[in-house]
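protein-v1.cif, holding mmCIF, C-alpha atoms:
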```
data_start
loop_
_atom_site.group_PDB
_atom_site.id
_atom_site.type_symbol
_atom_site.label_atom_id
_atom_site.label_comp_id
_atom_site.auth_asym_id
_atom_site.auth_seq_id
_atom_site.Cartn_x
_atom_site.Cartn_y
_atom_site.Cartn_z
ATOM 1 C CA MET A 678 27.136 -95.612 -4.961
ATOM 2 C CA THR A 679 24.641 -96.166 -7.812
ATOM 3 C CA ALA A 680 24.512 -99.141 -10.162
ATOM 4 C CA ARG A 681 25.979 -96.959 -12.917
ATOM 5 C CA HIS A 682 29.145 -96.475 -10.898
ATOM 6 C CA ARG A 683 29.473 -100.150 -9.867
ATOM 7 C CA VAL A 684 29.169 -101.648 -13.360
ATOM 8 C CA PRO A 685 32.336 -100.135 -14.884
ATOM 9 C CA SER A 686 34.436 -100.990 -11.832
ATOM 10 C CA LEU A 687 33.331 -104.653 -11.910
ATOM 11 C CA ILE A 688 34.000 -104.942 -15.627
ATOM 12 C CA THR A 689 37.355 -103.223 -15.207
ATOM 13 C CA ARG A 690 38.324 -105.615 -12.407
ATOM 14 C CA ALA A 691 37.230 -108.661 -14.452
ATOM 15 C CA GLY A 692 39.263 -107.452 -17.411
ATOM 16 C CA SER A 693 37.898 -107.171 -20.937
ATOM 17 C CA ALA A 694 39.890 -110.174 -22.169
ATOM 18 C CA SER A 695 39.371 -112.474 -19.187
ATOM 19 C CA ALA A 696 38.294 -116.077 -19.779
ATOM 20 C CA LEU A 697 35.128 -115.494 -17.764
ATOM 21 C CA THR A 698 33.556 -112.186 -18.645
ATOM 22 C CA LEU A 699 30.798 -111.057 -16.340
ATOM 23 C CA ALA A 700 28.015 -108.706 -17.319
ATOM 24 C CA VAL A 701 26.046 -106.877 -14.679
ATOM 25 C CA VAL A 702 22.526 -105.931 -15.632
ATOM 26 C CA GLY A 703 20.301 -104.264 -13.056
ATOM 27 C CA GLY A 704 22.284 -105.778 -10.200
ATOM 28 C CA THR A 705 22.049 -109.333 -11.603
ATOM 29 C CA VAL A 706 25.213 -111.149 -12.571
ATOM 30 C CA LEU A 707 24.934 -113.084 -15.820
ATOM 31 C CA VAL A 708 27.406 -115.874 -16.436
ATOM 32 C CA PRO A 709 27.930 -117.290 -19.937
ATOM 33 C CA GLY A 710 26.355 -120.750 -20.233
ATOM 34 C CA ALA A 711 23.881 -120.177 -17.407
ATOM 35 C CA THR A 712 21.318 -118.641 -19.751
ATOM 36 C CA ASP A 713 20.549 -121.996 -21.413
ATOM 37 C CA GLN A 714 19.266 -123.398 -18.115
ATOM 38 C CA ALA A 715 17.409 -120.184 -17.285
ATOM 39 C CA GLU A 716 15.749 -120.134 -20.711
ATOM 40 C CA ALA A 717 14.764 -123.803 -20.390
ATOM 41 C CA ALA A 718 13.242 -123.176 -16.946
ATOM 42 C CA THR A 719 11.347 -120.188 -18.307
ATOM 43 C CA ALA A 720 10.073 -122.177 -21.304
ATOM 44 C CA ALA A 721 9.005 -125.063 -19.039
ATOM 45 C CA THR A 722 7.144 -122.698 -16.703
ATOM 46 C CA LYS A 723 5.447 -121.007 -19.644
ATOM 47 C CA ALA A 724 4.498 -124.368 -21.164
ATOM 48 C CA VAL A 725 2.773 -125.429 -17.926
ATOM 49 C CA GLN A 726 0.908 -122.111 -17.774
ATOM 50 C CA ILE A 727 -0.154 -122.382 -21.419
ATOM 51 C CA ALA A 728 -1.378 -125.965 -20.963
ATOM 52 C CA ALA A 729 -3.312 -124.881 -17.849
ATOM 53 C CA SER A 730 -4.917 -122.046 -19.818
ATOM 54 C CA LYS A 731 -6.377 -124.684 -22.171
ATOM 55 C CA LYS A 732 -8.285 -126.419 -19.352
ATOM 56 C CA GLY A 733 -11.648 -127.592 -20.679
ATOM 57 C CA SER A 734 -10.603 -127.640 -24.350
ATOM 58 C CA PRO A 735 -12.062 -130.733 -26.039
ATOM 59 C CA TYR A 736 -9.980 -133.679 -27.223
ATOM 60 C CA LYS A 737 -9.783 -134.177 -30.961
ATOM 61 C CA TYR A 738 -7.502 -136.755 -32.553
ATOM 62 C CA GLY A 739 -4.735 -135.047 -34.536
ATOM 63 C CA ALA A 740 -5.581 -131.551 -33.258
ATOM 64 C CA THR A 741 -2.809 -129.143 -32.263
ATOM 65 C CA GLY A 742 -4.911 -126.230 -31.006
ATOM 66 C CA PRO A 743 -5.683 -123.582 -30.281
ATOM 67 C CA ARG A 744 -9.194 -124.814 -29.359
ATOM 68 C CA ARG A 745 -8.911 -128.636 -29.598
ATOM 69 C CA PHE A 746 -6.036 -130.976 -28.815
ATOM 70 C CA ASP A 747 -4.888 -134.547 -28.718
ATOM 71 C CA CYS A 748 -2.217 -135.391 -26.121
ATOM 72 C CA SER A 749 0.878 -134.585 -28.165
ATOM 73 C CA GLY A 750 -0.930 -131.664 -29.790
ATOM 74 C CA LEU A 751 -1.266 -130.048 -26.359
ATOM 75 C CA THR A 752 2.430 -130.508 -25.526
ATOM 76 C CA LEU A 753 3.452 -129.309 -28.995
ATOM 77 C CA TYR A 754 1.213 -126.231 -28.755
ATOM 78 C CA SER A 755 2.272 -125.369 -25.195
ATOM 79 C CA TYR A 756 5.987 -125.584 -25.921
ATOM 80 C CA LYS A 757 5.679 -123.821 -29.276
ATOM 81 C CA ARG A 758 4.006 -120.879 -27.538
ATOM 82 C CA ALA A 759 6.822 -121.000 -24.944
ATOM 83 C CA GLY A 760 9.429 -120.749 -27.726
ATOM 84 C CA LYS A 761 10.514 -124.396 -28.055
ATOM 85 C CA LYS A 762 10.062 -126.753 -30.981
ATOM 86 C CA LEU A 763 8.787 -130.318 -30.552
ATOM 87 C CA PRO A 764 7.937 -133.033 -33.084
ATOM 88 C CA ARG A 765 4.281 -133.961 -33.640
ATOM 89 C CA THR A 766 3.772 -137.365 -31.964
ATOM 90 C CA ALA A 767 4.265 -138.549 -28.373
ATOM 91 C CA ALA A 768 6.874 -141.124 -29.456
ATOM 92 C CA ALA A 769 8.813 -138.558 -31.514
ATOM 93 C CA GLN A 770 8.656 -136.100 -28.607
ATOM 94 C CA TYR A 771 10.101 -138.754 -26.300
ATOM 95 C CA ASN A 772 12.975 -139.317 -28.726
ATOM 96 C CA LYS A 773 13.650 -135.555 -28.874
ATOM 97 C CA THR A 774 13.800 -134.933 -25.098
ATOM 98 C CA ARG A 775 16.623 -135.475 -22.624
ATOM 99 C CA HIS A 776 15.545 -138.512 -20.618
ATOM 100 C CA ILE A 777 15.547 -138.027 -16.861
ATOM 101 C CA LYS A 778 14.734 -140.052 -13.750
ATOM 102 C CA ALA A 779 11.481 -139.565 -11.844
ATOM 103 C CA SER A 780 13.499 -138.104 -8.961
ATOM 104 C CA GLN A 781 14.787 -135.364 -11.301
ATOM 105 C CA ARG A 782 11.414 -134.301 -12.738
ATOM 106 C CA LYS A 783 10.409 -130.646 -12.583
ATOM 107 C CA HIS A 784 7.475 -128.524 -13.633
ATOM 108 C CA GLY A 785 7.228 -128.554 -17.416
ATOM 109 C CA ASP A 786 8.978 -131.879 -18.000
ATOM 110 C CA LEU A 787 7.101 -134.198 -20.312
ATOM 111 C CA VAL A 788 5.590 -137.378 -18.881
ATOM 112 C CA PHE A 789 5.429 -140.258 -21.344
ATOM 113 C CA PHE A 790 3.098 -143.187 -20.753
ATOM 114 C CA HIS A 791 4.287 -146.442 -22.242
ATOM 115 C CA SER A 792 3.391 -150.054 -22.711
ATOM 116 C CA GLY A 793 6.579 -152.062 -23.000
ATOM 117 C CA ARG A 794 8.808 -149.990 -25.257
ATOM 118 C CA SER A 795 5.972 -148.108 -27.008
ATOM 119 C CA VAL A 796 4.972 -144.593 -25.938
ATOM 120 C CA TYR A 797 1.210 -144.084 -26.264
ATOM 121 C CA HIS A 798 0.461 -140.860 -24.326
ATOM 122 C CA VAL A 799 2.147 -137.643 -23.145
ATOM 123 C CA GLY A 800 1.396 -134.871 -20.669
ATOM 124 C CA ILE A 801 3.174 -131.915 -19.044
ATOM 125 C CA TYR A 802 4.332 -132.369 -15.454
ATOM 126 C CA ALA A 803 2.653 -129.857 -13.128
ATOM 127 C CA GLY A 804 4.133 -130.951 -9.792
ATOM 128 C CA LYS A 805 2.815 -133.108 -6.942
ATOM 129 C CA GLY A 806 2.473 -136.148 -9.207
ATOM 130 C CA ARG A 807 0.055 -134.410 -11.600
ATOM 131 C CA ILE A 808 0.028 -133.621 -15.306
ATOM 132 C CA TRP A 809 -1.833 -131.381 -17.704
ATOM 133 C CA HIS A 810 -3.019 -133.501 -20.596
ATOM 134 C CA SER A 811 -5.678 -134.116 -23.200
ATOM 135 C CA PRO A 812 -6.668 -137.691 -22.317
ATOM 136 C CA LYS A 813 -8.956 -139.284 -24.919
ATOM 137 C CA PRO A 814 -11.986 -138.815 -27.188
ATOM 138 C CA GLY A 815 -14.949 -137.422 -25.257
ATOM 139 C CA SER A 816 -12.756 -135.787 -22.608
ATOM 140 C CA LYS A 817 -11.228 -132.346 -22.135
ATOM 141 C CA VAL A 818 -7.825 -130.923 -21.223
ATOM 142 C CA ARG A 819 -7.424 -131.338 -17.484
ATOM 143 C CA LEU A 820 -5.055 -131.588 -14.541
ATOM 144 C CA GLU A 821 -4.872 -135.175 -13.340
ATOM 145 C CA LYS A 822 -2.836 -137.333 -11.015
ATOM 146 C CA ILE A 823 -0.428 -139.740 -12.754
ATOM 147 C CA TRP A 824 -2.267 -143.072 -12.527
ATOM 148 C CA THR A 825 0.477 -145.567 -13.350
ATOM 149 C CA ARG A 826 4.149 -146.276 -12.774
ATOM 150 C CA SER A 827 4.629 -147.056 -16.472
ATOM 151 C CA VAL A 828 5.937 -143.581 -17.265
ATOM 152 C CA TRP A 829 9.159 -142.079 -18.510
ATOM 153 C CA TYR A 830 10.215 -138.453 -18.151
ATOM 154 C CA GLY A 831 11.811 -136.153 -20.684
ATOM 155 C CA ARG A 832 13.115 -132.608 -20.452
ATOM 156 C CA VAL A 833 12.645 -130.347 -23.448
ATOM 157 C CA ARG A 834 15.996 -128.965 -24.597
#
```
Could I get this file's structure written as C-alpha cells?
Amino acid sequence: MTARHRVPSLITRAGSASALTLAVVGGTVLVPGATDQAEAATAATKAVQIAASKKGSPYKYGATGPRRFDCSGLTLYSYKRAGKKLPRTAAAQYNKTRHIKASQRKHGDLVFFHSGRSVYHVGIYAGKGRIWHSPKPGSKVRLEKIWTRSVWYGRVR
C-alpha cells in the first residue's frame, strides 16, 4: 500500500470534525500544538549554527553584525536569522526569554551572566558547558567554556 492510499483512510478514521485532527505528511504525523516546540528547536539549532559561522568576527560595542558584534548583537543577529525576534540588550533579552533551570538547558538557550540582579553579558549555549559569544573589546566571536556559576538561562520563545 502506498502513502497515497494510507492518508485518506487515516483521515477518514479520525473523522473530519474530530477534536484532534491528524495530518499525515510524507509518513510523519503532525499534531496541532506540537509545531511550536518543533519550530523553537529548529530556531535554536539554527541560531547556534549561525553564531558558530561568525567565529573570528571582531567585537565592536553596539554592533549587530553581520561582520562585527557585541554580545547581545551576536544573539540578536543569530536569532533574527533563525526567524525569531529579540530585543537589543542582554538585560532586555533576559526579560523576553522563558527562564529555565541549568538542568533544563539545551542547545540554543541563552546564557546570561549577572552580578547580583544585573545582567551584563549573554551568549548562546552550545552544549557541554560552552557558549558562543562575543566577549569584549579586542576579542573575537568564539566558543568558550562557561567560567562562572553566576549565570541564568533563558529559552527564546
### Task
Step by step, work through what the PyMOL selection byres ((chain A and resi 734) around 6) selects in the shown file, and finish by giving those residues as a list of chain:residue names.
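This file, filtered by the PyMOL selection byres ((chain A and resi 734) around 6), leaves A:Lys731, A:Lys732, A:Gly733, A:Pro735, A:Arg744, A:Arg745, A:Lys817, A:Val818.
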Save the residues we just selected, C-alpha atoms, as a compact mmCIF listing (two decimals), keeping the file's coordinate frame?
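The result, written out as selection09.txt:
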```
# COMPACT_ATOMS: atom_id res chain seq x y z
CA LYS A 731 -6.38 -124.68 -22.17
CA LYS A 732 -8.28 -126.42 -19.35
CA GLY A 733 -11.65 -127.59 -20.68
CA PRO A 735 -12.06 -130.73 -26.04
CA ARG A 744 -9.19 -124.81 -29.36
CA ARG A 745 -8.91 -128.64 -29.60
CA LYS A 817 -11.23 -132.35 -22.14
CA VAL A 818 -7.82 -130.92 -21.22
```
### Task
Could you tell me which residues the PyMOL selection byres ((chain A and resi 778) around 10) returns for this structure, as a list in words?
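With the PyMOL selection byres ((chain A and resi 778) around 10) on this model, the match is His776, Ile777, Ala779, Ser780, Gln781, Arg782, Trp829, Tyr830 and Gly831 of chain A.
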### Message
I need the output of the PyMOL selection byres ((chain A and resi 788) around 12) for this file as number ranges by chain; which residues are they?
### Response
A: 748-749, 752, 767-768, 770-771, 774-779, 782-787, 789-791, 796-804, 806-810, 822-833
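Of the listed residues (A:Arg834, A:Ala728, A:Tyr738, A:Leu820), A:Tyr738 comes nearest to Thr766 (chain A); the distances count only C-alpha atoms.
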### Query
Do you know which residues lie at most 9 Å from (3.3, -127.9, -36.4), with coordinates as in the file and all atoms listed in the file counted, and could you write them as number ranges by chain?
A: 741, 750, 753-754, 757, 762-765
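Taking CA of Ser792 (chain A) and CA of Asn772 (chain A) as endpoints, the distance between them is 15.6 Å.
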### Message
Could you list, as a PyMOL selection string, every residue within 9 Å of Ile727 (chain A), counting all atoms listed in the file and ignoring same-chain residues fewer than 2 positions away?
### Response
chain A and resi 722-725+729-731+754-756+758-759
Mind checking which residues fall within 8 Å of Lys737 (chain A), counting only C-alpha atoms, ignoring those fewer than 3 positions away in the same chain, and posting them as a short mmCIF file (atom, residue, chain, number, x, y, z; two decimals) with C-alpha atoms, in the frame of the given file?
```cif
data_model
loop_
_atom_site.label_atom_id
_atom_site.label_comp_id
_atom_site.auth_asym_id
_atom_site.auth_seq_id
_atom_site.Cartn_x
_atom_site.Cartn_y
_atom_site.Cartn_z
CA ALA A 740 -5.58 -131.55 -33.26
CA ARG A 745 -8.91 -128.64 -29.60
CA PHE A 746 -6.04 -130.98 -28.82
CA ASP A 747 -4.89 -134.55 -28.72
CA LYS A 813 -8.96 -139.28 -24.92
CA PRO A 814 -11.99 -138.82 -27.19
#
```
### Message
Between CA of Gly760 (chain A) and CA of Ser811 (chain A), what is the distance in Å, rounded to a tenth?
### Response
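Interatomic distance, CA of Gly760 (chain A) to CA of Ser811 (chain A): 20.7 Å.
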### Point-to-point distance in Å for CA of Gly739 (chain A) and CA of Gly815 (chain A)
14.0 Å
